[in-house]
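Chemist: Okay, here's the structure, questions in a sec.
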Amino acid sequence: MKEPNDVILKTATKAAVVIILAFSIHLFLSGHHNPGGGFIGGLAFVAAVVLLYLVHGIEKVQKNIPVDFKKVAGIGVLISVFTGVGGMISGNPFLNQAFWMVDLPLFGKTEMATAVLFDVGVALAVIGASLTIIISISDDR
Amino acid sequence: METCMSIIIGILFAVGTYLILSKTLLRIILGTSIIGHGVNLLLLTMGGLKKGGPPLLGLNTLTFTDPLPQALILTAIVINFATTALFLVLSYRAYKVLGTDDVEQLRGYNDE
Amino acid sequence: MSWLHLIIALPFLCAILVPFLYQQFNPRIHTGWFILIVPLIIFLGLSSYIPAVSAGKIFYLTLPWIPAYDINLTAYIDGLSLTFALIISGIGFLVIWYSIYYLSRLKEALHNFYIYLLLFMGSMLGLVFSDNIFVLYVFWELTSISSFLLIAYWYEREKSRSGAQKSLLITVFGGLSMLAGFILLSMITDTYSIREMISQAAIIQAHLLFIPAMILILLGAFTKSAQFPFSIWLPDAMEAPTPISAYLHSATMVKAGIYIVARCTTIFGGDPAWFWLVTGIGLITLLYGSINAVRQTDLKALLAYSTISQLGLIMSLLGLGSAALYFQVGSAGTFYAIAIFAAIFHMVNHAVFKGCLFMAVGIIDHELGTRDIRRLGGLMHFMPVSFLMILVGSLSMAGLPPFNGFLSKELFFTSFLNALKMPFFNMETWGIILLIAAWVASVFTFVYCMIIIFKTFLGKKKDHKLKKKAHEAPVGMLIPPLILAALVVAIFFCPNVLAQHLLQPAWEAVLPALAATAPLVIKISPWHGFNTALLLTIGVIAAGTVLYITYEKWRSVYRYYPEALTLNNLYEWMLEKTEAGSRTITNWYMTGLVRDYLVYILGFTILLVGGTAVFFEGLAFDSSRDAAVNVYELVLLIGMVIAALTVLLAKSRLTSVIAVGTLGFMVVFFFVLLRAPDLALTQLVVETVTTVLFLLCLYHLPKLRREKIPLRFKAVNGVVSVAIGLVMTAVALSANSNQLFTSISGYYLDADKLAGAKNIVNAILVDFRGFDTMLEILVLTMAGFGVYTLIKLQLAVRRKENEGTK
């Protein structure tokens, strides 16, 4: 990508990316009770990274985020599968999820659900796969 | 509303089918994309429209719309995205390697 | 599971061991020595059933296979199946012994040979013991397949391959017809067991499907037993190694058709159609085979035609005997049922003397490198033992004493003479013609038997035409045919031992009803005094001798045989036409154009979905439950239509991509309006990313062209698209109007209690339907990797090429 003088864009991006990332994490965490969840959270994260690519160019971003997104996708799928196996260990069918209510010191009465772990896998897989696709395509010159 | 939606679904399917039957790769991809929208709307319509509030139990409503089609559509959207991406790359690769985006010329040899 | 099942399974189990044995011991020890044990065990095991079976006992042992469909591995031992099984294992033992000397352990792929052979042995045993029609059919086809493999054993020869193909095509065609026939029978009787079908024979005979079922089953039997006009595969099957010809193509497999006809005699017998089909085809085959055998110059081809004619003989006897069932009970039936006895007796005799003959011819072929009659002659002094075996076998086949063939030939004539007295089936006029045909065929049989003996062993020795020096075969190779030759003589002198222990029970198994009321009391003896049958035999010898001596004078008659009209040419012509026809049809619709295939698929979708909706009256329209439409929604709807049409008409790539993006965002608005916040969020992000992807790819893709599509294609496309749209609209409307059952979504509304989640959609995704989601992200990841490999591998190749050019 060429290097135009786009100071405003770059500055705005810095703020926007932080907001989008925070929002994506919020979407992800609130997914169990409000609109959101692994897919949306993951995709919003992807949107943030894509914005970075658009503004700063691929090489620069890859240097600063040295993550192989193919591995992220693979890890995501593995996490989801293993949470499923977890259900089997406790004698339930594959992919059976469980949840408990736990009293945490700061948060008060909080719900712990294995479904969240599964959702983490989903989110990672979505992030990894989508970014792999986008980076591959934009890399092909 | 359901009747209107049914008609729209029909139009989307017809347009998408016509595009798929054309010869240009890009048109075919756009056609699958449009058919994907048609399918999603069809699923949603099948569950009934505006039967209640959004399927969030935290809201203080008594009735909810059918959540199952929504879950199915969510899956469909993501898969649609994946296949569209793959199809796009496949088609422009084919164009770069073979030098044509005309499906008729991509058919290969007669004795195959 | 019983001992009997184990016996049937034994060849299959041992076949698994063959490769290991071959690998371990070849070429030190010939693999055949290990295999030899298998038929021996089977033979001895089955022999232990003889006393019980000859006392009239019947064994019925069931092992469930697919009980849900009433398909069981039921083994059924009666006289008939035991006789067959003893032939299979007995001849099998001798053939394997013989093959040890016939096939070189250094040059041949012995493991293949013995695996196929064991496969055949097991399936043939299964075939004769099965009671369930489906199990029987499976074994039946397995014998066809193993025969195919064995004929093509020397697969590098063109003739072996075409012979194998021919036999497979014909016998599998017959097998499928037979299956259809059996299924018809099972529809009539509502059972899959042959035994129960037999008990319902009266119902079957009165049924409308009686004739179709009979013809279909006979097709199976006739193709397998090489009856005219399906006999053409048997001469070509002689490309197989000689042990196989002796075993499959004369002693056992070709008798499977005989077995089926014998088994079904109680079901179909007594009907004029069955009588005339089986007798008529049998007699035609008998004549055709014997007349053609005379003109052969290849010894094995001669034996093949003689096998065809002998099979025809047995078949015609079975047909004659079926007339016994015309009378429901009583000794009048038994009078004609002697033919059935003669058929079984001749079947055993034929297996013995033909096995001996084949092995002897194999020895000549093996030791001299040729089996062409024109090159052979005067071998008597060099191969005395082989001469003896050929002499015994041929004279037995010709029907001369003191060999077993004489006895069954006498019974054959007796049966035809008895048939003259039939007061039904128009036999008053036809009986004498049948007798003459049988007699003429016997004369020709006599002639070709003389040819085998005299042309090969007497006369001048033609050393210059032989590749090898004439000498006798090793002793081990001579023993198996000698055993058979000894049996030929032994059966002549004490036929009643065999008759009492095996043939009588077999006869009773074929005609159980008759056996219960009027049992056959028969005592075979070589001498009956000067009766008509003996006179006929003497006539055969006299006429046959005359014809043989004058053979050189009348052989030119065969030149008038119309070569272009032979069955083989017909077969070739049909094969060619079928191939050409199927190629034409396939090329007509397989155009190689994706668009055409899509039109087929969509066309069928329209017909199936639309047709089903109309046919089952599923179409409905009821807008009373519809939600109200407000202005925003109406505007959105119109916007969507416009966006869709823009894509259709757009001339530039950018316009169409943006139009599709717009459509996507309008769908987002719909999701918002229709109370689907999760969907709206996801669709929003996905649509953005997708549009970005499209724009990235536009960089690589060419500009849109005006498509030059013929108007006819455009019209078809348009019609198909509109039809699809209409069908989908109809489906959507009908789905909303037909509320056949209440939605299952109520269950998911308890998400909070069941999964601890307040967002039901999310709960469904990660909890209730986690499998969907798991596989979905798998798809997504695979698509990601697909894109990555498509691009990166290409890059790597290009980089390498660039380096190469530098």
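Lettering and numbering for the structure tokens are positional, with chains as A, B, ... in the shown order, residues counted from 1 in each chain, and ligands counted from 1 in the shown order.
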Starting from chain B, keep only residues with some atom at most 12 Å from an atom of chain A, counting only C-alpha atoms, and report them as number ranges by chain.
Modeler: B: 54-59, 70-71, 74-79, 81-90, 92-93, 96
Chemist: Please, could you write that set of residues out with N, CA, C and O atoms as a short mmCIF file (atom, residue, chain, number, x, y, z; two decimals), in the first residue's frame?
Modeler:
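Heads up, here's the output in result28.cif:
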```cif
data_model
loop_
_atom_site.label_atom_id
_atom_site.label_comp_id
_atom_site.auth_asym_id
_atom_site.auth_seq_id
_atom_site.Cartn_x
_atom_site.Cartn_y
_atom_site.Cartn_z
N PRO B 54 -37.52 -9.76 21.50
CA PRO B 54 -36.30 -10.51 21.14
C PRO B 54 -36.09 -11.65 22.14
O PRO B 54 -36.49 -11.53 23.30
N PRO B 55 -35.50 -12.71 21.73
CA PRO B 55 -35.36 -13.87 22.61
C PRO B 55 -34.30 -13.67 23.69
O PRO B 55 -33.31 -14.39 23.76
N LEU B 56 -34.50 -12.65 24.52
CA LEU B 56 -33.59 -12.41 25.64
C LEU B 56 -34.42 -12.49 26.90
O LEU B 56 -35.35 -11.70 27.09
N LEU B 57 -34.09 -13.42 27.77
CA LEU B 57 -34.92 -13.63 28.96
C LEU B 57 -34.78 -12.50 29.95
O LEU B 57 -35.59 -12.36 30.86
N GLY B 58 -33.72 -11.68 29.79
CA GLY B 58 -33.55 -10.58 30.71
C GLY B 58 -34.58 -9.48 30.52
O GLY B 58 -34.82 -8.68 31.42
N LEU B 59 -35.20 -9.43 29.35
CA LEU B 59 -36.18 -8.39 29.08
C LEU B 59 -37.50 -8.74 29.75
O LEU B 59 -37.83 -9.90 29.94
N GLN B 70 -33.34 -18.24 14.52
CA GLN B 70 -32.27 -17.25 14.66
C GLN B 70 -30.92 -17.93 14.85
O GLN B 70 -29.91 -17.54 14.26
N ALA B 71 -30.91 -18.97 15.67
CA ALA B 71 -29.65 -19.68 15.90
C ALA B 71 -29.18 -20.33 14.61
O ALA B 71 -28.00 -20.26 14.26
N LEU B 74 -27.76 -17.71 12.30
CA LEU B 74 -26.44 -17.25 12.74
C LEU B 74 -25.37 -18.19 12.19
O LEU B 74 -24.35 -17.76 11.63
N THR B 75 -25.63 -19.47 12.32
CA THR B 75 -24.70 -20.45 11.76
C THR B 75 -24.58 -20.27 10.25
O THR B 75 -23.49 -20.27 9.69
N ALA B 76 -25.74 -20.08 9.61
CA ALA B 76 -25.75 -19.95 8.16
C ALA B 76 -24.95 -18.75 7.70
O ALA B 76 -24.21 -18.81 6.72
N ILE B 77 -25.08 -17.64 8.42
CA ILE B 77 -24.36 -16.42 8.02
C ILE B 77 -22.87 -16.68 8.00
O ILE B 77 -22.16 -16.34 7.05
N VAL B 78 -22.38 -17.28 9.07
CA VAL B 78 -20.94 -17.47 9.17
C VAL B 78 -20.44 -18.43 8.10
O VAL B 78 -19.42 -18.19 7.45
N ILE B 79 -21.21 -19.50 7.87
CA ILE B 79 -20.78 -20.45 6.84
C ILE B 79 -20.84 -19.81 5.47
O ILE B 79 -19.98 -20.03 4.61
N PHE B 81 -20.33 -16.75 4.82
CA PHE B 81 -19.12 -15.93 4.74
C PHE B 81 -17.92 -16.77 4.34
O PHE B 81 -17.17 -16.42 3.42
N ALA B 82 -17.77 -17.92 4.99
CA ALA B 82 -16.61 -18.77 4.72
C ALA B 82 -16.63 -19.25 3.27
O ALA B 82 -15.61 -19.16 2.56
N THR B 83 -17.78 -19.72 2.81
CA THR B 83 -17.81 -20.26 1.44
C THR B 83 -17.63 -19.15 0.42
O THR B 83 -16.96 -19.34 -0.59
N THR B 84 -18.23 -17.99 0.70
CA THR B 84 -18.06 -16.88 -0.25
C THR B 84 -16.58 -16.54 -0.40
O THR B 84 -16.07 -16.36 -1.51
N ALA B 85 -15.89 -16.47 0.75
CA ALA B 85 -14.47 -16.14 0.70
C ALA B 85 -13.71 -17.18 -0.11
O ALA B 85 -12.90 -16.84 -1.00
N LEU B 86 -13.98 -18.44 0.15
CA LEU B 86 -13.27 -19.50 -0.55
C LEU B 86 -13.57 -19.43 -2.05
O LEU B 86 -12.67 -19.53 -2.89
N PHE B 87 -14.83 -19.21 -2.37
CA PHE B 87 -15.26 -19.16 -3.76
C PHE B 87 -14.58 -18.00 -4.48
O PHE B 87 -14.08 -18.15 -5.62
N LEU B 88 -14.51 -16.86 -3.80
CA LEU B 88 -13.87 -15.68 -4.39
C LEU B 88 -12.43 -15.99 -4.76
O LEU B 88 -11.97 -15.75 -5.88
N VAL B 89 -11.71 -16.53 -3.78
CA VAL B 89 -10.29 -16.79 -4.01
C VAL B 89 -10.13 -17.82 -5.12
O VAL B 89 -9.29 -17.68 -6.02
N LEU B 90 -10.99 -18.85 -5.07
CA LEU B 90 -10.92 -19.89 -6.09
C LEU B 90 -11.11 -19.28 -7.48
O LEU B 90 -10.37 -19.60 -8.42
N TYR B 92 -10.73 -16.11 -8.54
CA TYR B 92 -9.71 -15.22 -9.10
C TYR B 92 -8.41 -15.97 -9.33
O TYR B 92 -7.63 -15.63 -10.21
N ARG B 93 -8.19 -17.04 -8.57
CA ARG B 93 -7.04 -17.91 -8.86
C ARG B 93 -7.21 -18.54 -10.24
O ARG B 93 -6.30 -18.55 -11.05
N LYS B 96 -6.51 -16.09 -12.84
CA LYS B 96 -5.09 -15.76 -13.01
C LYS B 96 -4.35 -16.89 -13.70
O LYS B 96 -3.49 -16.65 -14.55
#
```
Chemist: Skipping near chain neighbours, those fewer than 4 positions away, what residues fall within 12 Å of A:Val17 using only C-alpha atoms, listed as a list in words?
Modeler: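 Those residues are Leu9, Lys10, Thr11, Ala12, Thr13, Leu21, Ala22, Phe23, Ser24, Ala44, Phe45, Val46, Ala47, Ala48, Val49, Val50, Leu51, Leu52, Tyr53, Leu54 and Val55 of chain A.
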Chemist: Keeping only C-alpha atoms, take the residues you just selected and write them out as a PDB file, in the first residue's frame.
Modeler:
```
ATOM      1  CA  LEU A   9      -7.090   8.780   9.772  1.00  0.00           C
ATOM      2  CA  LYS A  10      -4.213   7.266  11.708  1.00  0.00           C
ATOM      3  CA  THR A  11      -4.995   9.211  14.834  1.00  0.00           C
ATOM      4  CA  ALA A  12      -8.674   8.425  14.653  1.00  0.00           C
ATOM      5  CA  THR A  13      -7.859   4.787  14.080  1.00  0.00           C
ATOM      6  CA  LEU A  21     -11.563  -3.994  20.756  1.00  0.00           C
ATOM      7  CA  ALA A  22     -13.119  -3.101  24.088  1.00  0.00           C
ATOM      8  CA  PHE A  23     -16.558  -3.390  22.545  1.00  0.00           C
ATOM      9  CA  SER A  24     -15.753  -6.746  21.029  1.00  0.00           C
ATOM     10  CA  ALA A  44     -15.871  -7.379  15.875  1.00  0.00           C
ATOM     11  CA  PHE A  45     -12.294  -8.146  16.844  1.00  0.00           C
ATOM     12  CA  VAL A  46     -11.613  -9.002  13.205  1.00  0.00           C
ATOM     13  CA  ALA A  47     -13.108  -5.685  12.161  1.00  0.00           C
ATOM     14  CA  ALA A  48     -10.714  -3.860  14.464  1.00  0.00           C
ATOM     15  CA  VAL A  49      -7.688  -5.653  13.083  1.00  0.00           C
ATOM     16  CA  VAL A  50      -8.859  -5.098   9.513  1.00  0.00           C
ATOM     17  CA  LEU A  51      -9.072  -1.407  10.252  1.00  0.00           C
ATOM     18  CA  LEU A  52      -5.480  -1.481  11.450  1.00  0.00           C
ATOM     19  CA  TYR A  53      -4.418  -3.219   8.257  1.00  0.00           C
ATOM     20  CA  LEU A  54      -6.223  -0.723   6.093  1.00  0.00           C
ATOM     21  CA  VAL A  55      -4.598   2.230   7.767  1.00  0.00           C
TER      22      VAL A  55
END
```
Chemist: Taking only stretch 483-703 of chain C into account, list the residues labelled alpha helix (DSSP H) by DSSP (computed from the backbone), as a PyMOL selection string.
Modeler: chain C and resi 483-493+495-498+504-510+512-517+532-549+551-554+567-589+594-605+611-615+631-649+653-673+677-698
Chemist: At a cut-off of 8 Å, can you tabulate as JSON lines every residue of chain C near chain A together with its closest atom pair and the distance in Å to one decimal, using only C-alpha atoms and ordering rows by chain then number?
Modeler:
```
{"residue": "C:Pro677", "atom": "CA", "partner": "A:Pro35", "partner_atom": "CA", "distance": 6.1}
{"residue": "C:Asp678", "atom": "CA", "partner": "A:Pro35", "partner_atom": "CA", "distance": 5.1}
{"residue": "C:Leu681", "atom": "CA", "partner": "A:Ile40", "partner_atom": "CA", "distance": 6.6}
{"residue": "C:Thr682", "atom": "CA", "partner": "A:Ile40", "partner_atom": "CA", "distance": 5.3}
{"residue": "C:Val685", "atom": "CA", "partner": "A:Leu43", "partner_atom": "CA", "distance": 6.3}
{"residue": "C:Val686", "atom": "CA", "partner": "A:Leu43", "partner_atom": "CA", "distance": 7.2}
{"residue": "C:Val689", "atom": "CA", "partner": "A:Ala47", "partner_atom": "CA", "distance": 7.2}
{"residue": "C:Leu693", "atom": "CA", "partner": "A:Ile134", "partner_atom": "CA", "distance": 7.0}
{"residue": "C:Leu696", "atom": "CA", "partner": "A:Ser138", "partner_atom": "CA", "distance": 6.7}
{"residue": "C:Cys697", "atom": "CA", "partner": "A:Ile137", "partner_atom": "CA", "distance": 7.5}
{"residue": "C:Ala755", "atom": "CA", "partner": "A:Phe99", "partner_atom": "CA", "distance": 6.9}
{"residue": "C:Gly756", "atom": "CA", "partner": "A:Phe99", "partner_atom": "CA", "distance": 6.5}
{"residue": "C:Ala757", "atom": "CA", "partner": "A:His32", "partner_atom": "CA", "distance": 5.3}
{"residue": "C:Lys758", "atom": "CA", "partner": "A:His33", "partner_atom": "CA", "distance": 4.2}
{"residue": "C:Asn759", "atom": "CA", "partner": "A:His33", "partner_atom": "CA", "distance": 4.3}
{"residue": "C:Ile760", "atom": "CA", "partner": "A:His33", "partner_atom": "CA", "distance": 7.9}
{"residue": "C:Asn762", "atom": "CA", "partner": "A:His32", "partner_atom": "CA", "distance": 6.1}
{"residue": "C:Ala763", "atom": "CA", "partner": "A:His32", "partner_atom": "CA", "distance": 6.9}
{"residue": "C:Val766", "atom": "CA", "partner": "A:Ala115", "partner_atom": "CA", "distance": 6.0}
{"residue": "C:Asp767", "atom": "CA", "partner": "A:Gln97", "partner_atom": "CA", "distance": 6.1}
{"residue": "C:Gly770", "atom": "CA", "partner": "A:Leu95", "partner_atom": "CA", "distance": 6.2}
{"residue": "C:Phe771", "atom": "CA", "partner": "A:Leu95", "partner_atom": "CA", "distance": 7.0}
{"residue": "C:Thr773", "atom": "CA", "partner": "A:Val122", "partner_atom": "CA", "distance": 7.8}
{"residue": "C:Met774", "atom": "CA", "partner": "A:Ser80", "partner_atom": "CA", "distance": 6.5}
{"residue": "C:Ile777", "atom": "CA", "partner": "A:Ala125", "partner_atom": "CA", "distance": 6.2}
{"residue": "C:Leu778", "atom": "CA", "partner": "A:Val77", "partner_atom": "CA", "distance": 6.4}
{"residue": "C:Leu780", "atom": "CA", "partner": "A:Ala129", "partner_atom": "CA", "distance": 6.2}
{"residue": "C:Thr781", "atom": "CA", "partner": "A:Ala129", "partner_atom": "CA", "distance": 5.0}
{"residue": "C:Met782", "atom": "CA", "partner": "A:Ala129", "partner_atom": "CA", "distance": 8.0}
{"residue": "C:Ala783", "atom": "CA", "partner": "A:Ala129", "partner_atom": "CA", "distance": 7.5}
{"residue": "C:Gly784", "atom": "CA", "partner": "A:Ala129", "partner_atom": "CA", "distance": 4.7}
{"residue": "C:Phe785", "atom": "CA", "partner": "A:Lys70", "partner_atom": "CA", "distance": 7.3}
{"residue": "C:Val787", "atom": "CA", "partner": "A:Ile133", "partner_atom": "CA", "distance": 5.9}
{"residue": "C:Tyr788", "atom": "CA", "partner": "A:Ser136", "partner_atom": "CA", "distance": 5.7}
{"residue": "C:Ile791", "atom": "CA", "partner": "A:Ser136", "partner_atom": "CA", "distance": 6.6}
{"residue": "C:Lys792", "atom": "CA", "partner": "A:Ser136", "partner_atom": "CA", "distance": 7.4}
{"residue": "C:Leu795", "atom": "CA", "partner": "A:Asp140", "partner_atom": "CA", "distance": 7.7}
```
Chemist: Generate a file of the selected residues that holds C-alpha atoms, formatted as a PDB file, in the first residue's frame.
Modeler:
```pdb
ATOM      1  CA  PRO C 677     -30.456  -8.481  17.697  1.00  0.00           C
ATOM      2  CA  ASP C 678     -27.797 -11.212  17.548  1.00  0.00           C
ATOM      3  CA  LEU C 681     -24.941  -7.641  14.865  1.00  0.00           C
ATOM      4  CA  THR C 682     -23.419 -10.643  13.153  1.00  0.00           C
ATOM      5  CA  VAL C 685     -19.974  -7.272  10.725  1.00  0.00           C
ATOM      6  CA  VAL C 686     -19.990 -10.133   8.262  1.00  0.00           C
ATOM      7  CA  VAL C 689     -15.988  -7.936   5.956  1.00  0.00           C
ATOM      8  CA  LEU C 693     -13.227  -9.108   0.539  1.00  0.00           C
ATOM      9  CA  LEU C 696     -10.006  -6.798  -2.533  1.00  0.00           C
ATOM     10  CA  CYS C 697     -10.754  -9.445  -5.093  1.00  0.00           C
ATOM     11  CA  ALA C 755     -28.264 -23.731  30.568  1.00  0.00           C
ATOM     12  CA  GLY C 756     -28.011 -20.778  32.877  1.00  0.00           C
ATOM     13  CA  ALA C 757     -28.277 -18.336  30.000  1.00  0.00           C
ATOM     14  CA  LYS C 758     -30.625 -15.475  29.388  1.00  0.00           C
ATOM     15  CA  ASN C 759     -29.760 -15.056  25.698  1.00  0.00           C
ATOM     16  CA  ILE C 760     -31.666 -17.948  24.187  1.00  0.00           C
ATOM     17  CA  ASN C 762     -26.588 -17.959  22.366  1.00  0.00           C
ATOM     18  CA  ALA C 763     -27.714 -20.805  24.586  1.00  0.00           C
ATOM     19  CA  VAL C 766     -23.202 -23.074  22.561  1.00  0.00           C
ATOM     20  CA  ASP C 767     -25.338 -25.415  24.588  1.00  0.00           C
ATOM     21  CA  GLY C 770     -23.299 -27.245  20.316  1.00  0.00           C
ATOM     22  CA  PHE C 771     -22.571 -29.805  17.649  1.00  0.00           C
ATOM     23  CA  THR C 773     -21.526 -24.710  16.190  1.00  0.00           C
ATOM     24  CA  MET C 774     -18.514 -26.935  16.593  1.00  0.00           C
ATOM     25  CA  ILE C 777     -16.257 -23.289  13.153  1.00  0.00           C
ATOM     26  CA  LEU C 778     -14.548 -26.321  11.690  1.00  0.00           C
ATOM     27  CA  LEU C 780     -14.866 -21.799   8.788  1.00  0.00           C
ATOM     28  CA  THR C 781     -11.369 -22.893   9.718  1.00  0.00           C
ATOM     29  CA  MET C 782     -11.172 -25.243   6.770  1.00  0.00           C
ATOM     30  CA  ALA C 783     -12.269 -22.457   4.434  1.00  0.00           C
ATOM     31  CA  GLY C 784      -9.560 -20.278   5.972  1.00  0.00           C
ATOM     32  CA  PHE C 785      -6.913 -22.904   5.383  1.00  0.00           C
ATOM     33  CA  VAL C 787      -7.869 -19.828   1.013  1.00  0.00           C
ATOM     34  CA  TYR C 788      -4.429 -19.773   2.590  1.00  0.00           C
ATOM     35  CA  ILE C 791      -2.746 -18.397  -2.367  1.00  0.00           C
ATOM     36  CA  LYS C 792       0.429 -19.304  -0.532  1.00  0.00           C
ATOM     37  CA  LEU C 795       3.165 -17.907  -4.325  1.00  0.00           C
TER      38      LEU C 795
END
```
Chemist: With only C-alpha atoms as the counted atoms, please give the residues lying no more than 12 Å from stretch 37-44 of chain C, apart from itself and same-chain residues fewer than 6 positions off, as a PyMOL selection string.
Modeler: chain C and resi 3-15+17-18+31+50+82-97+114+117-122+125
Chemist: Find the residues in chain C near chain B: any atom within 6 Å counts, using only C-alpha atoms. Write them as a ChimeraX atom specification.
Modeler: /C:592,595,626-629,674-676,679,701,721-722,724-726,728-729,732,745,758-761,780,783,787
Chemist: What does the structure give for the distance between atom CA of C:Ile258 and atom CA of C:Met315, in Å to one decimal?
Modeler: 6.5 Å
Chemist: I'd like the neighbourhood of C:Met383 as a CSV table (one decimal) with all heavy atoms, in the first residue's frame, where a residue qualifies if any of its atoms comes within 10 Å (using only C-alpha atoms), though same-chain residues fewer than 4 positions away should be ignored.
Modeler:
```csv
chain,number,residue,atom,x,y,z
C,363,ILE,N,-3.2,-82.8,-18.6
C,363,ILE,CA,-1.8,-83.5,-18.6
C,363,ILE,C,-1.2,-83.4,-20.0
C,363,ILE,O,-0.1,-83.0,-20.2
C,363,ILE,CB,-2.0,-84.9,-18.1
C,363,ILE,CG1,-2.3,-84.9,-16.6
C,363,ILE,CG2,-0.7,-85.7,-18.4
C,363,ILE,CD1,-2.6,-86.3,-16.1
C,364,ILE,N,-2.0,-83.7,-21.0
C,364,ILE,CA,-1.5,-83.6,-22.4
C,364,ILE,C,-1.0,-82.2,-22.7
C,364,ILE,O,0.1,-82.0,-23.2
C,364,ILE,CB,-2.6,-84.0,-23.4
C,364,ILE,CG1,-3.0,-85.5,-23.2
C,364,ILE,CG2,-2.2,-83.8,-24.8
C,364,ILE,CD1,-4.2,-86.0,-24.0
C,367,GLU,N,2.2,-81.5,-20.7
C,367,GLU,CA,3.4,-82.2,-21.1
C,367,GLU,C,3.8,-82.0,-22.5
C,367,GLU,O,5.0,-82.1,-22.8
C,367,GLU,CB,3.2,-83.7,-20.9
C,367,GLU,CG,2.8,-84.1,-19.4
C,367,GLU,CD,3.8,-83.6,-18.4
C,367,GLU,OE1,5.0,-83.5,-18.7
C,367,GLU,OE2,3.4,-83.2,-17.3
C,378,GLY,N,-1.1,-90.8,-31.9
C,378,GLY,CA,-0.1,-91.8,-31.6
C,378,GLY,C,0.5,-91.7,-30.2
C,378,GLY,O,1.7,-92.1,-30.0
C,379,LEU,N,-0.2,-91.1,-29.3
C,379,LEU,CA,0.5,-90.9,-28.0
C,379,LEU,C,0.3,-92.1,-27.1
C,379,LEU,O,0.9,-92.1,-26.0
C,379,LEU,CB,-0.2,-89.7,-27.3
C,379,LEU,CG,0.0,-88.3,-27.9
C,379,LEU,CD1,-0.7,-87.3,-27.2
C,379,LEU,CD2,1.5,-88.0,-27.9
C,387,PHE,N,-3.7,-92.3,-21.5
C,387,PHE,CA,-4.6,-93.0,-22.5
C,387,PHE,C,-5.7,-93.7,-21.8
C,387,PHE,O,-6.9,-93.6,-22.1
C,387,PHE,CB,-3.8,-93.9,-23.4
C,387,PHE,CG,-4.6,-94.8,-24.3
C,387,PHE,CD1,-5.4,-94.2,-25.2
C,387,PHE,CD2,-4.6,-96.1,-24.1
C,387,PHE,CE1,-6.2,-95.0,-26.1
C,387,PHE,CE2,-5.4,-96.9,-24.9
C,387,PHE,CZ,-6.2,-96.3,-25.9
C,388,LEU,N,-5.3,-94.5,-20.7
C,388,LEU,CA,-6.2,-95.2,-20.0
C,388,LEU,C,-7.3,-94.3,-19.4
C,388,LEU,O,-8.5,-94.6,-19.5
C,388,LEU,CB,-5.5,-96.0,-18.8
C,388,LEU,CG,-6.4,-96.9,-18.0
C,388,LEU,CD1,-6.8,-98.1,-18.8
C,388,LEU,CD2,-5.7,-97.2,-16.7
C,457,PHE,N,-4.7,-90.5,-29.4
C,457,PHE,CA,-3.8,-91.5,-29.0
C,457,PHE,C,-3.4,-92.6,-30.0
C,457,PHE,O,-2.4,-93.3,-29.9
C,457,PHE,CB,-4.4,-92.2,-27.8
C,457,PHE,CG,-4.4,-91.4,-26.5
C,457,PHE,CD1,-5.4,-90.6,-26.1
C,457,PHE,CD2,-3.2,-91.3,-25.8
C,457,PHE,CE1,-5.4,-89.8,-25.0
C,457,PHE,CE2,-3.1,-90.5,-24.7
C,457,PHE,CZ,-4.2,-89.7,-24.3
C,470,ALA,N,7.2,-86.1,-26.2
C,470,ALA,CA,6.1,-86.7,-25.5
C,470,ALA,C,6.6,-87.6,-24.4
C,470,ALA,O,7.5,-88.4,-24.6
C,470,ALA,CB,5.3,-87.5,-26.5
C,471,HIS,N,6.0,-87.4,-23.2
C,471,HIS,CA,6.4,-88.3,-22.1
C,471,HIS,C,5.3,-88.3,-21.1
C,471,HIS,O,4.4,-87.4,-21.1
C,471,HIS,CB,7.7,-87.9,-21.4
C,471,HIS,CG,7.6,-86.5,-20.9
C,471,HIS,ND1,7.3,-86.1,-19.7
C,471,HIS,CD2,7.9,-85.3,-21.6
C,471,HIS,CE1,7.3,-84.8,-19.5
C,471,HIS,NE2,7.7,-84.3,-20.6
C,472,GLU,N,5.2,-89.2,-20.2
C,472,GLU,CA,4.2,-89.3,-19.2
C,472,GLU,C,4.4,-88.3,-18.1
C,472,GLU,O,5.5,-87.8,-17.8
C,472,GLU,CB,4.1,-90.7,-18.6
C,472,GLU,CG,2.9,-91.0,-17.8
C,472,GLU,CD,1.6,-90.9,-18.6
C,472,GLU,OE1,1.1,-89.7,-18.6
C,472,GLU,OE2,1.1,-91.8,-19.1
C,473,ALA,N,3.3,-87.9,-17.5
C,473,ALA,CA,3.3,-86.9,-16.4
C,473,ALA,C,3.8,-87.5,-15.1
C,473,ALA,O,3.9,-88.7,-15.0
C,473,ALA,CB,1.9,-86.4,-16.2
```
